[in-house]
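Trainee: Got a structure for you, my_file08.cif, holding mmCIF, C-alpha atoms and all ligand atoms.
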data_work
loop_
_atom_site.label_atom_id
_atom_site.label_comp_id
_atom_site.auth_asym_id
_atom_site.auth_seq_id
_atom_site.Cartn_x
_atom_site.Cartn_y
_atom_site.Cartn_z
CA MET A 1 -3.11 42.51 44.48
CA THR A 2 -2.06 40.06 47.15
CA ASP A 3 -4.11 37.05 48.16
CA ARG A 4 -5.00 36.63 51.79
CA PHE A 5 -7.16 34.14 53.61
CA VAL A 6 -9.88 34.57 56.18
CA VAL A 7 -11.23 31.48 57.97
CA PHE A 8 -14.88 31.11 59.00
CA THR A 9 -15.41 28.21 61.36
CA ASP A 10 -18.38 26.56 62.98
CA LEU A 11 -17.82 25.66 66.64
CA ASP A 12 -19.72 22.63 68.00
CA GLY A 13 -18.42 19.46 66.37
CA THR A 14 -16.05 21.46 64.15
CA LEU A 15 -13.50 23.56 66.07
CA LEU A 16 -14.81 22.15 69.35
CA ASP A 17 -15.03 18.46 70.19
CA HIS A 18 -18.65 17.32 70.10
CA HIS A 19 -18.39 15.68 73.54
CA THR A 20 -15.71 17.54 75.52
CA TYR A 21 -15.96 21.02 73.87
CA SER A 22 -12.14 21.07 73.77
CA PHE A 23 -10.27 22.94 70.99
CA GLU A 24 -6.82 21.75 72.17
CA PRO A 25 -6.14 19.39 69.21
CA ALA A 26 -6.63 22.39 66.87
CA ALA A 27 -4.10 24.58 68.72
CA PRO A 28 -1.19 24.03 66.23
CA ALA A 29 -3.27 25.17 63.21
CA ILE A 30 -4.79 28.07 65.19
CA GLU A 31 -1.26 29.22 66.04
CA ARG A 32 -0.20 28.87 62.42
CA LEU A 33 -3.15 31.04 61.28
CA ARG A 34 -2.11 33.65 63.82
CA ARG A 35 1.50 33.55 62.59
CA ASN A 36 0.26 34.22 59.04
CA ALA A 37 -2.18 36.95 60.16
CA VAL A 38 -5.16 34.96 58.91
CA PRO A 39 -8.33 36.14 60.67
CA LEU A 40 -10.23 33.31 62.38
CA ILE A 41 -13.95 34.11 62.52
CA LEU A 42 -15.95 32.09 65.05
CA THR A 43 -19.29 31.40 63.32
CA SER A 44 -21.98 29.70 65.36
CA SER A 45 -25.58 29.27 66.43
CA LYS A 46 -24.43 30.34 69.90
CA THR A 47 -25.13 33.81 71.27
CA MET A 48 -22.55 36.59 71.22
CA ALA A 49 -22.14 36.22 75.02
CA GLU A 50 -21.37 32.51 74.64
CA ILE A 51 -18.91 33.02 71.78
CA MET A 52 -17.15 35.88 73.61
CA ASP A 53 -16.25 33.41 76.33
CA LEU A 54 -14.56 31.04 73.91
CA ARG A 55 -13.01 33.94 71.98
CA ARG A 56 -11.29 35.05 75.19
CA ARG A 57 -9.95 31.54 75.85
CA LEU A 58 -8.65 31.39 72.26
CA ASN A 59 -7.08 34.84 72.63
CA ASN A 60 -8.95 35.71 69.42
CA GLN A 61 -9.45 39.39 68.55
CA HIS A 62 -11.41 39.07 65.33
CA PRO A 63 -15.06 39.76 64.46
CA LEU A 64 -17.52 36.95 65.13
CA ILE A 65 -20.80 35.65 63.74
CA ALA A 66 -23.48 34.59 66.24
CA GLU A 67 -27.01 33.18 66.34
CA ASN A 68 -26.69 31.36 62.99
CA GLY A 69 -25.73 34.52 61.09
CA SER A 70 -28.42 36.71 62.64
CA LEU A 71 -25.70 38.98 63.90
CA LEU A 72 -22.16 40.07 63.26
CA ALA A 73 -20.07 41.44 66.10
CA ILE A 74 -17.21 43.76 65.23
CA PRO A 75 -14.50 44.70 67.75
CA GLU A 76 -14.23 48.38 68.53
CA ASN A 77 -12.03 50.20 65.98
CA HIS A 78 -11.42 46.99 64.07
CA PHE A 79 -12.17 48.36 60.61
CA ARG A 80 -11.84 52.02 61.44
CA THR A 81 -8.21 52.69 62.18
CA GLY A 82 -6.56 49.39 61.42
CA ASP A 83 -5.47 49.53 65.02
CA ARG A 84 -6.36 46.03 66.21
CA THR A 85 -6.13 47.00 69.83
CA LYS A 86 -6.87 44.37 72.41
CA THR A 87 -10.34 45.53 73.17
CA GLU A 88 -12.99 43.44 74.81
CA ARG A 89 -15.71 45.61 73.33
CA VAL A 90 -17.56 44.39 70.31
CA TRP A 91 -20.46 46.02 68.52
CA PRO A 92 -23.30 43.76 67.46
CA ARG A 93 -24.81 44.40 64.08
CA LEU A 94 -28.15 42.73 63.39
CA MET A 95 -28.63 40.99 60.05
CA GLY A 96 -32.41 40.83 60.43
CA PRO A 97 -35.13 41.72 62.95
CA GLY A 98 -34.13 42.05 66.60
CA TYR A 99 -35.07 39.68 69.39
CA GLN A 100 -38.00 41.67 70.80
CA GLN A 101 -39.57 41.88 67.35
CA ILE A 102 -39.21 38.11 66.76
CA VAL A 103 -40.69 37.26 70.16
CA LYS A 104 -43.58 39.67 69.58
CA VAL A 105 -44.45 38.02 66.25
CA LEU A 106 -44.25 34.54 67.84
CA GLN A 107 -46.58 35.57 70.67
CA GLN A 108 -49.08 37.12 68.24
CA LEU A 109 -49.09 34.00 66.04
CA ARG A 110 -49.60 31.79 69.10
CA GLU A 111 -52.54 33.90 70.24
CA GLU A 112 -54.14 34.04 66.80
CA HIS A 113 -53.66 30.39 65.80
CA GLY A 114 -53.20 28.54 69.09
CA PHE A 115 -49.84 27.12 67.93
CA GLN A 116 -48.29 24.73 70.46
CA PHE A 117 -44.68 25.68 71.25
CA GLU A 118 -42.46 26.99 74.00
CA GLY A 119 -39.32 29.04 73.67
CA PHE A 120 -36.61 30.79 75.66
CA ALA A 121 -38.84 33.85 76.04
CA ASP A 122 -41.38 31.69 77.93
CA TRP A 123 -38.82 30.21 80.31
CA ASP A 124 -37.02 31.27 83.47
CA ALA A 125 -33.31 30.54 84.01
CA GLU A 126 -34.00 27.17 85.63
CA ARG A 127 -36.15 25.95 82.75
CA VAL A 128 -33.46 26.97 80.21
CA VAL A 129 -30.89 24.92 82.17
CA GLU A 130 -33.29 21.97 82.02
CA ALA A 131 -34.01 22.34 78.29
CA THR A 132 -30.41 22.92 77.14
CA GLY A 133 -28.51 20.69 79.57
CA LEU A 134 -26.04 23.56 80.03
CA PRO A 135 -24.51 24.55 83.39
CA ALA A 136 -26.32 27.56 84.91
CA ALA A 137 -23.65 30.15 83.98
CA ASP A 138 -23.59 29.00 80.35
CA ALA A 139 -27.39 28.82 80.16
CA GLN A 140 -27.47 32.44 81.33
CA LYS A 141 -25.23 33.42 78.37
CA ALA A 142 -27.46 31.41 76.03
CA ARG A 143 -30.40 33.53 77.28
CA GLU A 144 -28.68 36.77 76.20
CA ARG A 145 -30.33 36.67 72.80
CA LEU A 146 -30.25 39.50 70.28
CA ALA A 147 -31.62 38.17 67.00
CA SER A 148 -33.08 34.64 67.12
CA GLU A 149 -35.38 32.56 69.32
CA PRO A 150 -34.99 28.81 69.96
CA ILE A 151 -38.33 27.03 70.39
CA GLN A 152 -39.55 23.51 71.04
CA TRP A 153 -42.48 22.61 68.83
CA ARG A 154 -45.27 20.67 70.55
CA GLY A 155 -47.90 20.82 67.80
CA SER A 156 -48.75 18.53 64.88
CA ALA A 157 -46.90 18.34 61.57
CA GLU A 158 -49.88 19.99 59.83
CA SER A 159 -49.87 22.85 62.29
CA TRP A 160 -46.10 23.24 61.70
CA LYS A 161 -46.77 23.82 57.99
CA ILE A 162 -49.19 26.65 58.78
CA PHE A 163 -46.76 28.03 61.35
CA THR A 164 -43.84 28.20 58.89
CA ALA A 165 -46.06 29.81 56.24
CA GLU A 166 -47.17 32.45 58.76
CA LEU A 167 -43.54 33.09 59.74
CA GLU A 168 -42.63 33.54 56.09
CA ARG A 169 -45.39 36.11 55.74
CA CYS A 170 -43.75 37.96 58.67
CA HIS A 171 -40.27 37.77 57.02
CA LEU A 172 -39.03 35.12 59.43
CA ARG A 173 -37.84 31.55 58.90
CA THR A 174 -37.09 28.40 60.88
CA LEU A 175 -33.81 26.55 61.15
CA ARG A 176 -33.70 23.04 62.59
CA GLY A 177 -31.01 22.53 65.23
CA GLY A 178 -30.11 19.61 67.47
CA ARG A 179 -32.38 20.47 70.41
CA PHE A 180 -34.40 23.41 69.12
CA ASP A 181 -35.98 24.98 66.09
CA HIS A 182 -34.50 28.44 65.71
CA ILE A 183 -36.67 31.33 64.55
CA LEU A 184 -34.69 34.06 62.77
CA GLY A 185 -34.87 36.69 60.04
CA ALA A 186 -35.74 35.39 56.56
CA GLN A 187 -32.39 36.56 55.15
CA ALA A 188 -30.21 35.63 58.11
CA ASP A 189 -27.76 32.78 57.61
CA LYS A 190 -24.08 32.06 58.10
CA ALA A 191 -23.23 32.56 54.40
CA HIS A 192 -24.93 35.93 54.27
CA ALA A 193 -23.07 37.14 57.38
CA MET A 194 -19.82 35.79 55.89
CA GLN A 195 -20.38 37.81 52.68
CA LYS A 196 -21.17 40.94 54.69
CA LEU A 197 -18.00 40.60 56.73
CA LEU A 198 -15.96 39.92 53.61
CA GLU A 199 -17.23 43.20 52.16
CA MET A 200 -15.89 44.95 55.25
CA TYR A 201 -12.48 43.31 54.88
CA THR A 202 -12.39 44.27 51.20
CA GLU A 203 -13.39 47.84 51.95
CA HIS A 204 -10.77 48.08 54.68
CA GLU A 205 -7.90 46.58 52.66
CA SER A 206 -8.80 47.10 49.04
CA ASP A 207 -5.40 45.96 47.69
CA VAL A 208 -6.04 42.47 49.05
CA ARG A 209 -7.95 39.73 47.27
CA TRP A 210 -9.61 37.95 50.18
CA GLN A 211 -10.03 34.20 49.85
CA THR A 212 -12.36 32.41 52.22
CA ILE A 213 -11.94 29.09 53.97
CA ALA A 214 -15.09 27.79 55.69
CA ALA A 215 -15.29 24.78 58.01
CA GLY A 216 -18.44 23.07 59.27
CA ASP A 217 -20.15 19.78 60.06
CA SER A 218 -23.92 20.44 59.94
CA PRO A 219 -26.66 21.36 57.44
CA ASN A 220 -26.72 24.94 58.78
CA ASP A 221 -23.07 25.24 57.61
CA LEU A 222 -23.76 24.11 54.04
CA SER A 223 -24.49 27.51 52.47
CA MET A 224 -21.33 28.91 54.09
CA LEU A 225 -19.27 26.01 52.70
CA GLU A 226 -20.77 26.48 49.23
CA HIS A 227 -19.89 30.19 49.19
CA ALA A 228 -16.31 29.76 50.40
CA SER A 229 -13.21 29.64 48.16
CA ILE A 230 -12.19 26.48 50.03
CA ALA A 231 -14.62 24.32 52.02
CA VAL A 232 -13.57 22.07 54.88
CA VAL A 233 -16.17 19.40 55.61
CA ILE A 234 -15.75 17.97 59.10
CA PRO A 235 -17.33 14.52 59.54
CA ALA A 236 -20.27 14.76 61.92
CA ALA A 237 -19.94 13.02 65.28
CA SER A 238 -23.23 11.27 64.48
CA GLY A 239 -21.49 9.65 61.49
CA LYS A 240 -23.65 11.34 58.84
CA THR A 241 -21.22 13.52 56.90
CA LEU A 242 -22.52 16.57 55.04
CA ASP A 243 -23.35 16.04 51.42
CA ALA A 244 -21.17 18.85 50.06
CA ALA A 245 -20.12 19.19 46.43
CA LYS A 246 -16.85 17.38 45.76
CA GLY A 247 -14.02 19.04 43.91
CA ASP A 248 -10.58 20.62 44.26
CA SER A 249 -11.95 23.32 46.50
CA THR A 250 -13.51 20.92 49.04
CA LEU A 251 -11.51 19.09 51.68
CA PHE A 252 -13.11 16.24 53.59
CA ALA A 253 -11.39 16.01 56.97
CA SER A 254 -10.59 12.48 58.05
CA ASP A 255 -11.43 12.97 61.73
CA PRO A 256 -14.32 14.73 63.47
CA GLY A 257 -13.95 17.91 65.54
CA PRO A 258 -10.67 19.73 66.25
CA VAL A 259 -8.46 16.79 65.19
CA GLY A 260 -9.85 16.86 61.65
CA TRP A 261 -9.93 20.67 61.69
CA ASN A 262 -6.25 20.86 62.59
CA ALA A 263 -5.19 18.46 59.83
CA ALA A 264 -7.34 20.14 57.16
CA ILE A 265 -6.23 23.71 57.96
CA ASN A 266 -2.59 22.60 58.01
CA GLU A 267 -3.05 20.90 54.64
CA ILE A 268 -4.43 24.13 53.12
CA LEU A 269 -1.62 26.24 54.60
CA ASP A 270 0.91 23.70 53.25
CA ARG A 271 -0.72 23.87 49.82
CA PHE A 272 -0.23 27.65 49.74
CA GLN A 273 3.24 27.41 51.27
CA LEU A 274 2.35 29.48 54.32
CA PRO A 275 4.87 28.81 57.10
MG MG B 301 -21.54 22.15 64.26
#
Write out the structure in this file as structure tokens.
Mentor:
Amino acid sequence: MTDRFVVFTDLDGTLLDHHTYSFEPAAPAIERLRRNAVPLILTSSKTMAEIMDLRRRLNNQHPLIAENGSLLAIPENHFRTGDRTKTERVWPRLMGPGYQQIVKVLQQLREEHGFQFEGFADWDAERVVEATGLPAADAQKARERLASEPIQWRGSAESWKIFTAELERCHLRTLRGGRFDHILGAQADKAHAMQKLLEMYTEHESDVRWQTIAAGDSPNDLSMLEHASIAVVIPAASGKTLDAAKGDSTLFASDPGPVGWNAAINEILDRFQLP
């Protein structure tokens, strides 16, 4: 048995600078992971279309996790032949109900209960640009949803309680984000998708003992950090750092975003004497 690492990383505020969206300061550690054949799995609340853009710029050819763990995307042939050809094609694999199903449930609940909310499914391209603050081309990619729906809640706190209970009854859950509340499958989260992907790596290379490194800065990263062999806690740009369990297997980066990411990943690779 040989030990090998696979890295799962959040994007906004973790690998990407919270303000500039740059990953440049992380380039040395990214290159070092590549040199050691350590898969780098982009793991985000973003859609597959949005992540594919960044994946191209990073020259990354690994699977990815999108929409807060609602879907895994596996490059063509990745686990089939071991031939990691430079393909642009990835196959999405849903980890819960699909987008149409989620939107249908939301519309039914709104009709039955008169819940006050609006979501991407209610909006045209222009309105999504307005609500997200994204440039038009990026907002278009954010609209290419496969397994979760961002909404803005306009109702009361009491009504929210009834809404979440109704969602639960329909095997859905809510996840609070910066601008939106995300509606996704009850079982879908980043940690679950990480476990699923790890099973695929183990099945593909059964003589390897895969160790996971997970990096994140927000509450929606916490379960992923808790399930990883080594957790990298990136201080949040807002100043409120995640309350993760302390111990030998948790690294608290000293700087936010890609600067802290770079230092922490290098420290781990040093610790395991990887060149
Ligand atoms: Mg983040």
Trainee: Using all atoms of stretch 181-189 of chain A listed in the file and a margin of 5 Å per side, can you give the axis-aligned box centre and edge lengths in Å to one decimal, as AutoDock Vina command-line options?
Mentor:
--center_x -32.2 --center_y 30.8 --center_z 60.6 --size_x 18.9 --size_y 21.7 --size_z 20.9
Trainee: List every protein, DNA or RNA residue that has at least one atom no more than 6 Å from (-6.1, 41.6, 50.2) in the file's coordinates, counting all atoms listed in the file, and write the result as an MDAnalysis selection string.
Mentor: chainID A and resid 2:4 205 207:210
Trainee: How would the residues just chosen look if you wrote them out with C-alpha atoms as a JSON list (two decimals), keeping the file's coordinate frame?
Mentor:
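Wrote it out as result_22.json, contents follow:
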[["chain", "number", "residue", "atom", "x", "y", "z"],
["A", 2, "THR", "CA", -2.06, 40.06, 47.15],
["A", 3, "ASP", "CA", -4.11, 37.05, 48.16],
["A", 4, "ARG", "CA", -5.00, 36.63, 51.79],
["A", 205, "GLU", "CA", -7.90, 46.58, 52.66],
["A", 207, "ASP", "CA", -5.40, 45.96, 47.69],
["A", 208, "VAL", "CA", -6.04, 42.47, 49.05],
["A", 209, "ARG", "CA", -7.95, 39.73, 47.27],
["A", 210, "TRP", "CA", -9.61, 37.95, 50.18]]
Trainee: What do you get as a ChimeraX atom specification if you pick all residues at most 9 Å from ligand MG 301 (chain B), counting all atoms listed in the file?
Mentor: /A:10-16,18,44-45,216-221,234,236,257
Trainee: Which distance in Å separates atom CA of A:Ile151 and atom CA of A:Thr241, to one decimal?
Mentor: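 Atom CA of A:Thr241 lies 25.6 Å from atom CA of A:Ile151.
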Trainee: What are the closest atom pairs, with distances in Å to one decimal, for each residue of stretch 165-227 of chain A lying within 12 Å of stretch 88-112 of chain A, using all atoms listed in the file, rows by chain and rising residue number, as JSON lines?
Mentor:
{"residue": "A:Ala165", "atom": "CA", "partner": "A:Leu109", "partner_atom": "CA", "distance": 11.1}
{"residue": "A:Glu166", "atom": "CA", "partner": "A:Leu109", "partner_atom": "CA", "distance": 7.7}
{"residue": "A:Leu167", "atom": "CA", "partner": "A:Val105", "partner_atom": "CA", "distance": 8.2}
{"residue": "A:Glu168", "atom": "CA", "partner": "A:Val105", "partner_atom": "CA", "distance": 11.3}
{"residue": "A:Arg169", "atom": "CA", "partner": "A:Val105", "partner_atom": "CA", "distance": 10.7}
{"residue": "A:Cys170", "atom": "CA", "partner": "A:Val105", "partner_atom": "CA", "distance": 7.6}
{"residue": "A:His171", "atom": "CA", "partner": "A:Pro97", "partner_atom": "CA", "distance": 8.8}
{"residue": "A:Leu172", "atom": "CA", "partner": "A:Ile102", "partner_atom": "CA", "distance": 7.9}
{"residue": "A:Arg173", "atom": "CA", "partner": "A:Ile102", "partner_atom": "CA", "distance": 10.3}
{"residue": "A:Thr174", "atom": "CA", "partner": "A:Ile102", "partner_atom": "CA", "distance": 11.5}
{"residue": "A:His182", "atom": "CA", "partner": "A:Ile102", "partner_atom": "CA", "distance": 10.8}
{"residue": "A:Ile183", "atom": "CA", "partner": "A:Ile102", "partner_atom": "CA", "distance": 7.6}
{"residue": "A:Leu184", "atom": "CA", "partner": "A:Ile102", "partner_atom": "CA", "distance": 7.3}
{"residue": "A:Gly185", "atom": "CA", "partner": "A:Gly96", "partner_atom": "CA", "distance": 4.8}
{"residue": "A:Ala186", "atom": "CA", "partner": "A:Gly96", "partner_atom": "CA", "distance": 7.5}
{"residue": "A:Gln187", "atom": "CA", "partner": "A:Gly96", "partner_atom": "CA", "distance": 6.8}
{"residue": "A:Ala188", "atom": "CA", "partner": "A:Met95", "partner_atom": "CA", "distance": 5.9}
{"residue": "A:Asp189", "atom": "CA", "partner": "A:Met95", "partner_atom": "CA", "distance": 8.6}
{"residue": "A:Lys190", "atom": "CA", "partner": "A:Met95", "partner_atom": "CA", "distance": 10.2}
{"residue": "A:Ala191", "atom": "CA", "partner": "A:Met95", "partner_atom": "CA", "distance": 11.5}
{"residue": "A:His192", "atom": "CA", "partner": "A:Met95", "partner_atom": "CA", "distance": 8.5}
{"residue": "A:Ala193", "atom": "CA", "partner": "A:Met95", "partner_atom": "CA", "distance": 7.3}
{"residue": "A:Met194", "atom": "CA", "partner": "A:Met95", "partner_atom": "CA", "distance": 11.0}
{"residue": "A:Gln195", "atom": "CA", "partner": "A:Met95", "partner_atom": "CA", "distance": 11.5}
{"residue": "A:Lys196", "atom": "CA", "partner": "A:Met95", "partner_atom": "CA", "distance": 9.2}
{"residue": "A:Leu197", "atom": "CA", "partner": "A:Arg93", "partner_atom": "CA", "distance": 10.7}
Trainee: Only C-alpha atoms, please: the residues just picked out, written as a compact mmCIF listing (two decimals), in the frame of the given file.
Mentor:
# COMPACT_ATOMS: atom_id res chain seq x y z
CA ALA A 165 -46.06 29.81 56.24
CA GLU A 166 -47.17 32.45 58.76
CA LEU A 167 -43.54 33.09 59.74
CA GLU A 168 -42.63 33.54 56.09
CA ARG A 169 -45.39 36.11 55.74
CA CYS A 170 -43.75 37.96 58.67
CA HIS A 171 -40.27 37.77 57.02
CA LEU A 172 -39.03 35.12 59.43
CA ARG A 173 -37.84 31.55 58.90
CA THR A 174 -37.09 28.40 60.88
CA HIS A 182 -34.50 28.44 65.71
CA ILE A 183 -36.67 31.33 64.55
CA LEU A 184 -34.69 34.06 62.77
CA GLY A 185 -34.87 36.69 60.04
CA ALA A 186 -35.74 35.39 56.56
CA GLN A 187 -32.39 36.56 55.15
CA ALA A 188 -30.21 35.63 58.11
CA ASP A 189 -27.76 32.78 57.61
CA LYS A 190 -24.08 32.06 58.10
CA ALA A 191 -23.23 32.56 54.40
CA HIS A 192 -24.93 35.93 54.27
CA ALA A 193 -23.07 37.14 57.38
CA MET A 194 -19.82 35.79 55.89
CA GLN A 195 -20.38 37.81 52.68
CA LYS A 196 -21.17 40.94 54.69
CA LEU A 197 -18.00 40.60 56.73
Trainee: Suppose you want the space between atom CA of A:Ser206 and atom CA of A:Asp270; what is it in Å?
Mentor: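 Going from atom CA of A:Ser206 over to atom CA of A:Asp270, I get 25.7 Å.
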Trainee: May I ask for the distance between atom CA of A:Arg271 and atom CA of A:Asn36, given in Å to one decimal place?
Mentor: 13.9 Å
Trainee: Which one is closest to A:Phe163: A:Leu222, A:Leu64, A:Trp261, A:Gln116? Count all atoms listed in the file.
Mentor: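 Nearest to A:Phe163: A:Gln116.
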Trainee: Have a look at A:His227, A:Arg154, A:Lys141, A:Arg34 and name the one nearest to A:Leu54; count only C-alpha atoms.
Mentor: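 For A:Leu54, the nearest of the given residues is A:Lys141.
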Trainee: From the list A:Asp255, A:Glu144, A:Asp17, A:Glu203, which residue is nearest A:Val128 when using all atoms listed in the file?
Mentor: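 The answer is A:Glu144, which sits nearest to A:Val128.
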Trainee: Name the residues in contact with A:Arg127 at a cut-off of 12 Å, using all atoms listed in the file, excluding same-chain residues fewer than 4 positions from it; report them as a list of chain:residue names.
Mentor: A:Glu118, A:Gly119, A:Phe120, A:Ala121, A:Asp122, A:Trp123, A:Ala131, A:Thr132, A:Gly133, A:Leu134, A:Pro135, A:Ala136, A:Ala139, A:Gln140, A:Arg143
Trainee: Using all atoms listed in the file, pick whichever of A:Thr250, A:Leu198, A:Asp243, A:Val38 has the shortest atom-to-atom distance to A:Ala215.
Mentor: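 Of A:Thr250, A:Leu198, A:Asp243, A:Val38, the one nearest A:Ala215 is A:Thr250, counting all atoms listed in the file.
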Trainee: Pick from A:Thr20, A:Ser254, A:Asp248, A:Glu76: nearest to A:Val233, with only C-alpha atoms counted?
Mentor: A:Ser254
Trainee: Name the closest residue to A:Pro63 among the candidates A:Ala237, A:Leu40, A:Lys46, A:Leu225; distances are taken between atoms, counting only C-alpha atoms.
Mentor: A:Leu40
Trainee: Selecting C-alpha atoms, how would stretch 162-189 of chain A from this structure be written as a PDB file, in the first residue's frame?
Mentor:
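Heads up, here's the output in out-v9.pdb:
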ATOM      1  CA  ILE A 162     -42.829  26.200   7.675  1.00  0.00           C
ATOM      2  CA  PHE A 163     -41.021  26.427   4.342  1.00  0.00           C
ATOM      3  CA  THR A 164     -37.972  24.468   5.561  1.00  0.00           C
ATOM      4  CA  ALA A 165     -40.206  21.826   7.160  1.00  0.00           C
ATOM      5  CA  GLU A 166     -42.098  21.431   3.873  1.00  0.00           C
ATOM      6  CA  LEU A 167     -38.808  21.129   1.976  1.00  0.00           C
ATOM      7  CA  GLU A 168     -37.651  18.442   4.384  1.00  0.00           C
ATOM      8  CA  ARG A 169     -40.855  16.518   3.722  1.00  0.00           C
ATOM      9  CA  CYS A 170     -39.941  16.691   0.002  1.00  0.00           C
ATOM     10  CA  HIS A 171     -36.354  15.443   0.680  1.00  0.00           C
ATOM     11  CA  LEU A 172     -34.825  18.865   0.085  1.00  0.00           C
ATOM     12  CA  ARG A 173     -32.854  21.205   2.346  1.00  0.00           C
ATOM     13  CA  THR A 174     -31.655  24.794   2.481  1.00  0.00           C
ATOM     14  CA  LEU A 175     -28.091  26.049   2.670  1.00  0.00           C
ATOM     15  CA  ARG A 176     -27.386  29.675   3.575  1.00  0.00           C
ATOM     16  CA  GLY A 177     -24.920  31.396   1.250  1.00  0.00           C
ATOM     17  CA  GLY A 178     -23.650  34.958   1.008  1.00  0.00           C
ATOM     18  CA  ARG A 179     -26.331  36.334  -1.325  1.00  0.00           C
ATOM     19  CA  PHE A 180     -28.786  33.463  -1.608  1.00  0.00           C
ATOM     20  CA  ASP A 181     -30.353  30.547   0.173  1.00  0.00           C
ATOM     21  CA  HIS A 182     -29.620  27.447  -1.870  1.00  0.00           C
ATOM     22  CA  ILE A 183     -32.232  24.705  -2.196  1.00  0.00           C
ATOM     23  CA  LEU A 184     -30.713  21.268  -2.815  1.00  0.00           C
ATOM     24  CA  GLY A 185     -31.180  17.558  -2.175  1.00  0.00           C
ATOM     25  CA  ALA A 186     -31.399  16.532   1.497  1.00  0.00           C
ATOM     26  CA  GLN A 187     -28.255  14.384   1.218  1.00  0.00           C
ATOM     27  CA  ALA A 188     -26.226  16.695  -1.015  1.00  0.00           C
ATOM     28  CA  ASP A 189     -23.195  18.349   0.540  1.00  0.00           C
TER      29      ASP A 189
END
